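Engineer: First, the structure itself, so that you have it in front of you.
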Amino acid sequence: MYHRLAGLVGALLLAGVALPPGGAARAAPGSLADRLAATVTGAGVHRHLAALQHIADASGGDRGYNRVGFTRSARYVSTVLRAAGYQVVEQTVPYTDFDITTERLRIDGAGGDVPVLMTRFTPSTPAEGIEAPVAAPIDGRTGCDPADYAGVDAAGAIVVLARAACGYTRQQQVAAGLGARGVLLYYVTPSPENSYRFHAFNPEAFTIPTASVAQRDGEALARAARGDGARVHLTLRARAVARTTVNVLAETTGGDPDNVVLLGAHLDSVPEAPGINDNAAMAATVLQVALALASRQHAVTNKVRFAWWGAEEMINVGSGHYVAALSGDERRRVAAVLNGELIASPNDGRFVWDPGTGGGHVLADLFAGYFDRRGLPYERTGPESVGSDHLAFEAVGIPTGGIDGGNLQVKTPAQQARFGGLAGQMFDHCYHQRCDRLDTLNRRALDANVPAVAWVLGRLADDVRDVRAATAAGPDRQVAYPPVRD
């Protein structure tokens with residue numbers, strides 16, 4: 001694979017993808033921000049996405065944080081950056097992985113297995129698994145309260161639950177308190193065939209094996225439990241394992257080192273998907289911005305640092321380690337952080353992260369101003385609406401900004417009128433699914449959002465007034481960290 005990857009990188013270099021845009025950038029009129037917005041395009045980013053899709057296809061179908069596809073993605077980014085003249089640092093990041101060896105669900109008498117995804121950092125079943133009847137709360141109840149099981153014998157059963165507002169940690173605790181032996185969760189969406197792996201944010205709160213199934217399978221099991229009954233055999237086996245990942249880092253040779261503007265994105269996918277919208281689209285945008293700055297990296301006003309984070313899908317592992325490793329002086333030198341997620345969702349929206357106060361609000365206004373001038377619709381939303389790497393910086397008082405295109409949320413009729421697309425459907429029905437591929441990417445959204453990221457980065461790189469405004473505004477409104485997406 002290495003030779004194929006090297007050949008692909010070489011082909012991209014020969015095609016001009018991985019080279020700074022040179023004369024085209026110098027000929028563009030206006031400020032650095034305007035020149036970057038003109039030269040950093042969706043078409044250029046798409047060529048990197050083709051390379052990352054190729055890597056996923058050659059690596060078992062994914063670029064997961066703990067898989068060879070991520071290693072090859074990091075090598076691709078590093079190779080392209082070095083070819084453009086950057087010095088690249090690959091920061092080693094230790095973390096605790098959850099190594100799943102068995103996840104199997106069989107419905108007795110039904111024949112065949114039902115796909116099941118073990119919730120990370122929850123207890124395993126015995127090696128032989130658990131055979132038990134299925135139970136479900138009273139129809140219309142959530143399982144958030146013991147009263148939801150009135151008249152239901154949950155003791156000794158495997159309970160089937162739709163994810164509810166109280167959080168699946170609470171749902172599991174209630175079921176365990178009633179004597180359940182395991183929990184099967186499902187996420188209610190307009191795409192009932194989808195499956196989503198959950199994460200135990202507080203592992204100590206999980207005392208029984210817990211996993212997830214697709215909505216259609218979960219609802220079928222719940223109906224059977226409330227009807228003639230059903231029995232299942234559930235085997236979940238995993239263990240915590242110490243591993244390492246990497247953050248790929250590069251920065252401009254010039255610029256004020258006391259005013260660092262950091263543009264980053266996570267490079268990993270979940271192990272279940274190629275991760276082209278989540279989050280290769282933003283990672284490739286960061287790469288293309290870096291290439292556009294390469295020939296003039298000595299001439300920027302403020303130092304620009306680029307970052308591709310590892311293991312974000314294990315809840316911001318790479319960015320959290322990076323922030324924790326910064327000294328107090330190094331943190332103070334980081335004036336602003338830009339991040340982005342899912343910027344080319346198939347049924348896209350456009351969401352600008354705005355804490356409402358502090359430096360993050362100043363950064364949100366930069367994005368908003370860009371979109372306003374181009375007549376592009378957007379909505380402001382809290383930075384915590386997308387649990388991603390920016391939250392590690394926000395937690396220590398560094399101003400953060402960014403955009404996303406929406407993921408699991410369902411588009412409303414008002415949002416359909418604003419953004420187009422289909423109301424009643426998720427912004428990204430391929431989020432964390434196998435179909436998160438190059439051919440489901442929204443090229444129109446990519447073409448609109450890529451220059452916006454480049455423009456805001458250019459403003460912050462070139463204009464000390466914007467950086468001073470962000471730092472003078474003070475810390476953003478603080479949110480809980482690590483972020484909880486229960």
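We name chains A, B, ... following the order of the structure tokens; residues begin at 1 in each chain, and ligands are numbered from 1 as shown.
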Contacts of segment 134-136 of chain A at 10 Å or less, counting only C-alpha atoms, minus same-chain residues fewer than 2 places along, as a PyMOL selection string?
Structural biologist: chain A and resi 107+131-132+138-139+141-143+148-149+152-162+175+180+182-184+218-219+221-226+229-233
Engineer: Keeping only N, CA, C and O atoms, write the selected residues to a file as a compact mmCIF listing (two decimals), in the first residue's frame.
Structural biologist:
```txt
# COMPACT_ATOMS: atom_id res chain seq x y z
N ILE A 107 -31.36 -13.62 17.55
CA ILE A 107 -32.74 -13.75 18.04
C ILE A 107 -33.12 -15.21 17.92
O ILE A 107 -33.09 -15.79 16.82
N GLU A 131 -28.12 -15.42 27.37
CA GLU A 131 -29.38 -15.79 26.73
C GLU A 131 -30.50 -15.37 27.67
O GLU A 131 -30.52 -15.77 28.84
N ALA A 132 -31.41 -14.55 27.17
CA ALA A 132 -32.42 -13.97 28.05
C ALA A 132 -33.62 -13.51 27.23
O ALA A 132 -33.52 -13.27 26.03
N ILE A 138 -43.18 0.30 29.09
CA ILE A 138 -44.55 0.47 28.62
C ILE A 138 -44.51 1.28 27.33
O ILE A 138 -43.73 2.23 27.19
N ASP A 139 -45.35 0.92 26.36
CA ASP A 139 -45.38 1.62 25.08
C ASP A 139 -45.58 3.12 25.30
O ASP A 139 -46.48 3.53 26.02
N ARG A 141 -43.34 5.04 26.79
CA ARG A 141 -42.46 5.47 27.88
C ARG A 141 -41.00 5.30 27.47
O ARG A 141 -40.67 4.51 26.58
N THR A 142 -40.13 6.03 28.15
CA THR A 142 -38.73 6.10 27.73
C THR A 142 -37.78 5.19 28.48
O THR A 142 -36.66 4.96 28.03
N GLY A 143 -38.19 4.71 29.64
CA GLY A 143 -37.26 3.96 30.47
C GLY A 143 -36.36 4.85 31.30
O GLY A 143 -35.36 4.39 31.86
N ASP A 148 -41.74 3.59 34.41
CA ASP A 148 -41.96 3.29 33.00
C ASP A 148 -42.05 1.78 32.74
O ASP A 148 -42.45 1.36 31.65
N TYR A 149 -41.67 0.99 33.73
CA TYR A 149 -41.71 -0.47 33.60
C TYR A 149 -42.84 -1.09 34.41
O TYR A 149 -42.82 -2.30 34.67
N VAL A 152 -44.05 -4.64 33.80
CA VAL A 152 -43.07 -5.27 32.92
C VAL A 152 -42.03 -5.98 33.77
O VAL A 152 -41.48 -5.38 34.70
N ASP A 153 -41.75 -7.23 33.47
CA ASP A 153 -40.74 -7.99 34.22
C ASP A 153 -39.39 -7.79 33.55
O ASP A 153 -39.04 -8.48 32.60
N ALA A 154 -38.64 -6.81 34.05
CA ALA A 154 -37.32 -6.52 33.49
C ALA A 154 -36.22 -7.36 34.12
O ALA A 154 -35.12 -7.46 33.57
N ALA A 155 -36.50 -7.95 35.28
CA ALA A 155 -35.48 -8.73 35.98
C ALA A 155 -35.04 -9.92 35.13
O ALA A 155 -35.88 -10.69 34.64
N GLY A 156 -33.73 -10.04 34.94
CA GLY A 156 -33.19 -11.14 34.15
C GLY A 156 -33.31 -10.97 32.65
O GLY A 156 -32.89 -11.84 31.90
N ALA A 157 -33.87 -9.85 32.19
CA ALA A 157 -34.12 -9.63 30.76
C ALA A 157 -33.04 -8.74 30.14
O ALA A 157 -32.25 -8.09 30.84
N ILE A 158 -33.05 -8.72 28.82
CA ILE A 158 -32.29 -7.71 28.07
C ILE A 158 -33.29 -6.67 27.61
O ILE A 158 -34.24 -6.98 26.88
N VAL A 159 -33.11 -5.45 28.06
CA VAL A 159 -34.08 -4.38 27.84
C VAL A 159 -33.74 -3.63 26.56
O VAL A 159 -32.57 -3.31 26.30
N VAL A 160 -34.77 -3.35 25.76
CA VAL A 160 -34.62 -2.61 24.51
C VAL A 160 -35.18 -1.21 24.70
O VAL A 160 -36.32 -1.05 25.14
N LEU A 161 -34.37 -0.19 24.34
CA LEU A 161 -34.73 1.20 24.63
C LEU A 161 -34.39 2.12 23.48
O LEU A 161 -33.31 2.01 22.89
N ALA A 162 -35.30 3.03 23.17
CA ALA A 162 -34.97 4.14 22.28
C ALA A 162 -34.23 5.20 23.08
O ALA A 162 -34.61 5.53 24.21
N ALA A 175 -32.65 0.44 34.16
CA ALA A 175 -32.82 -0.96 33.78
C ALA A 175 -32.02 -1.87 34.70
O ALA A 175 -32.51 -2.92 35.15
N ALA A 180 -32.22 -5.95 35.16
CA ALA A 180 -31.95 -6.33 33.77
C ALA A 180 -30.51 -6.84 33.64
O ALA A 180 -29.61 -6.39 34.37
N GLY A 182 -28.90 -6.83 30.56
CA GLY A 182 -28.26 -6.10 29.47
C GLY A 182 -29.21 -5.08 28.88
O GLY A 182 -30.42 -5.10 29.16
N VAL A 183 -28.67 -4.18 28.07
CA VAL A 183 -29.46 -3.13 27.43
C VAL A 183 -29.10 -3.06 25.95
O VAL A 183 -27.92 -3.09 25.58
N LEU A 184 -30.13 -2.95 25.11
CA LEU A 184 -29.96 -2.67 23.68
C LEU A 184 -30.61 -1.33 23.39
O LEU A 184 -31.81 -1.14 23.64
N GLY A 218 -34.44 -2.53 16.68
CA GLY A 218 -34.84 -2.24 18.04
C GLY A 218 -36.36 -2.18 18.19
O GLY A 218 -36.92 -2.72 19.16
N GLU A 219 -37.01 -1.52 17.25
CA GLU A 219 -38.47 -1.43 17.33
C GLU A 219 -39.12 -2.80 17.15
O GLU A 219 -40.13 -3.11 17.81
N LEU A 221 -37.81 -5.68 18.05
CA LEU A 221 -37.61 -6.38 19.31
C LEU A 221 -38.55 -5.86 20.39
O LEU A 221 -39.09 -6.64 21.19
N ALA A 222 -38.73 -4.53 20.45
CA ALA A 222 -39.64 -3.96 21.45
C ALA A 222 -41.08 -4.43 21.22
O ALA A 222 -41.80 -4.74 22.17
N ARG A 223 -41.49 -4.49 19.95
CA ARG A 223 -42.85 -4.99 19.66
C ARG A 223 -43.00 -6.44 20.09
O ARG A 223 -44.02 -6.84 20.66
N ALA A 224 -41.96 -7.24 19.80
CA ALA A 224 -42.01 -8.65 20.20
C ALA A 224 -42.06 -8.77 21.72
O ALA A 224 -42.79 -9.62 22.26
N ALA A 225 -41.31 -7.94 22.42
CA ALA A 225 -41.30 -8.00 23.88
C ALA A 225 -42.67 -7.67 24.46
O ALA A 225 -43.09 -8.25 25.47
N ARG A 226 -43.38 -6.74 23.81
CA ARG A 226 -44.70 -6.35 24.31
C ARG A 226 -45.80 -7.28 23.81
O ARG A 226 -46.94 -7.17 24.24
N GLY A 229 -43.48 -12.08 23.00
CA GLY A 229 -42.19 -12.28 23.64
C GLY A 229 -41.12 -12.71 22.65
O GLY A 229 -41.39 -13.16 21.55
N ALA A 230 -39.89 -12.56 23.04
CA ALA A 230 -38.74 -12.97 22.24
C ALA A 230 -37.58 -13.24 23.18
O ALA A 230 -37.49 -12.65 24.27
N ARG A 231 -36.70 -14.11 22.75
CA ARG A 231 -35.47 -14.40 23.49
C ARG A 231 -34.29 -14.13 22.56
O ARG A 231 -34.37 -14.36 21.34
N VAL A 232 -33.21 -13.62 23.13
CA VAL A 232 -32.01 -13.33 22.35
C VAL A 232 -30.79 -13.91 23.02
O VAL A 232 -30.80 -14.20 24.23
N HIS A 233 -29.76 -14.07 22.23
CA HIS A 233 -28.45 -14.46 22.75
C HIS A 233 -27.49 -13.33 22.40
O HIS A 233 -27.25 -13.04 21.22
```
Engineer: Name all residues at most 9 Å from Asp258 of chain A (count only C-alpha atoms; drop same-chain ones fewer than 6 positions away) and give them as a VMD selection string.
Structural biologist: chain A and resid 302 to 303 330 332 to 335
Engineer: Let me see the file: selected residues, C-alpha atoms, as an mmCIF file, in the first residue's frame.
Structural biologist:
```cif
data_model
loop_
_atom_site.group_PDB
_atom_site.id
_atom_site.type_symbol
_atom_site.label_atom_id
_atom_site.label_comp_id
_atom_site.auth_asym_id
_atom_site.auth_seq_id
_atom_site.Cartn_x
_atom_site.Cartn_y
_atom_site.Cartn_z
ATOM 1 C CA ASN A 302 0.322 36.490 12.781
ATOM 2 C CA LYS A 303 1.768 32.996 12.962
ATOM 3 C CA GLU A 330 2.121 28.566 25.038
ATOM 4 C CA ARG A 332 -1.497 32.487 26.027
ATOM 5 C CA ARG A 333 0.175 32.699 22.617
ATOM 6 C CA VAL A 334 -2.743 30.913 20.929
ATOM 7 C CA ALA A 335 -5.004 33.841 20.132
#
```
Engineer: Skip segment 377-393 of chain A itself and residues of its chain fewer than 5 positions away, then list as a ChimeraX atom specification all residues within 6 Å of it, counting only C-alpha atoms.
Structural biologist: /A:316,319-320,350-355,398,483
Engineer: Please determine, counting only C-alpha atoms, which residue among A:Gln297, A:Ser269, A:Ser212, A:Asn347 has the shortest atom-to-atom distance to Leu32 of chain A.
Structural biologist: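 Among A:Gln297, A:Ser269, A:Ser212, A:Asn347, it is A:Gln297 that comes nearest to Leu32 of chain A.
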Engineer: Any chance you could list, as a count of residues only, the residues in segment 263-417 of chain A that come up helix (DSSP H, G or I) when DSSP is run on the backbone?
Structural biologist: 68
Engineer: Which residue out of A:Thr189, A:Ser327, A:Thr169, A:Thr471 has the minimum interatomic distance to Asn407 of chain A when only C-alpha atoms are used?
Structural biologist: A:Thr189
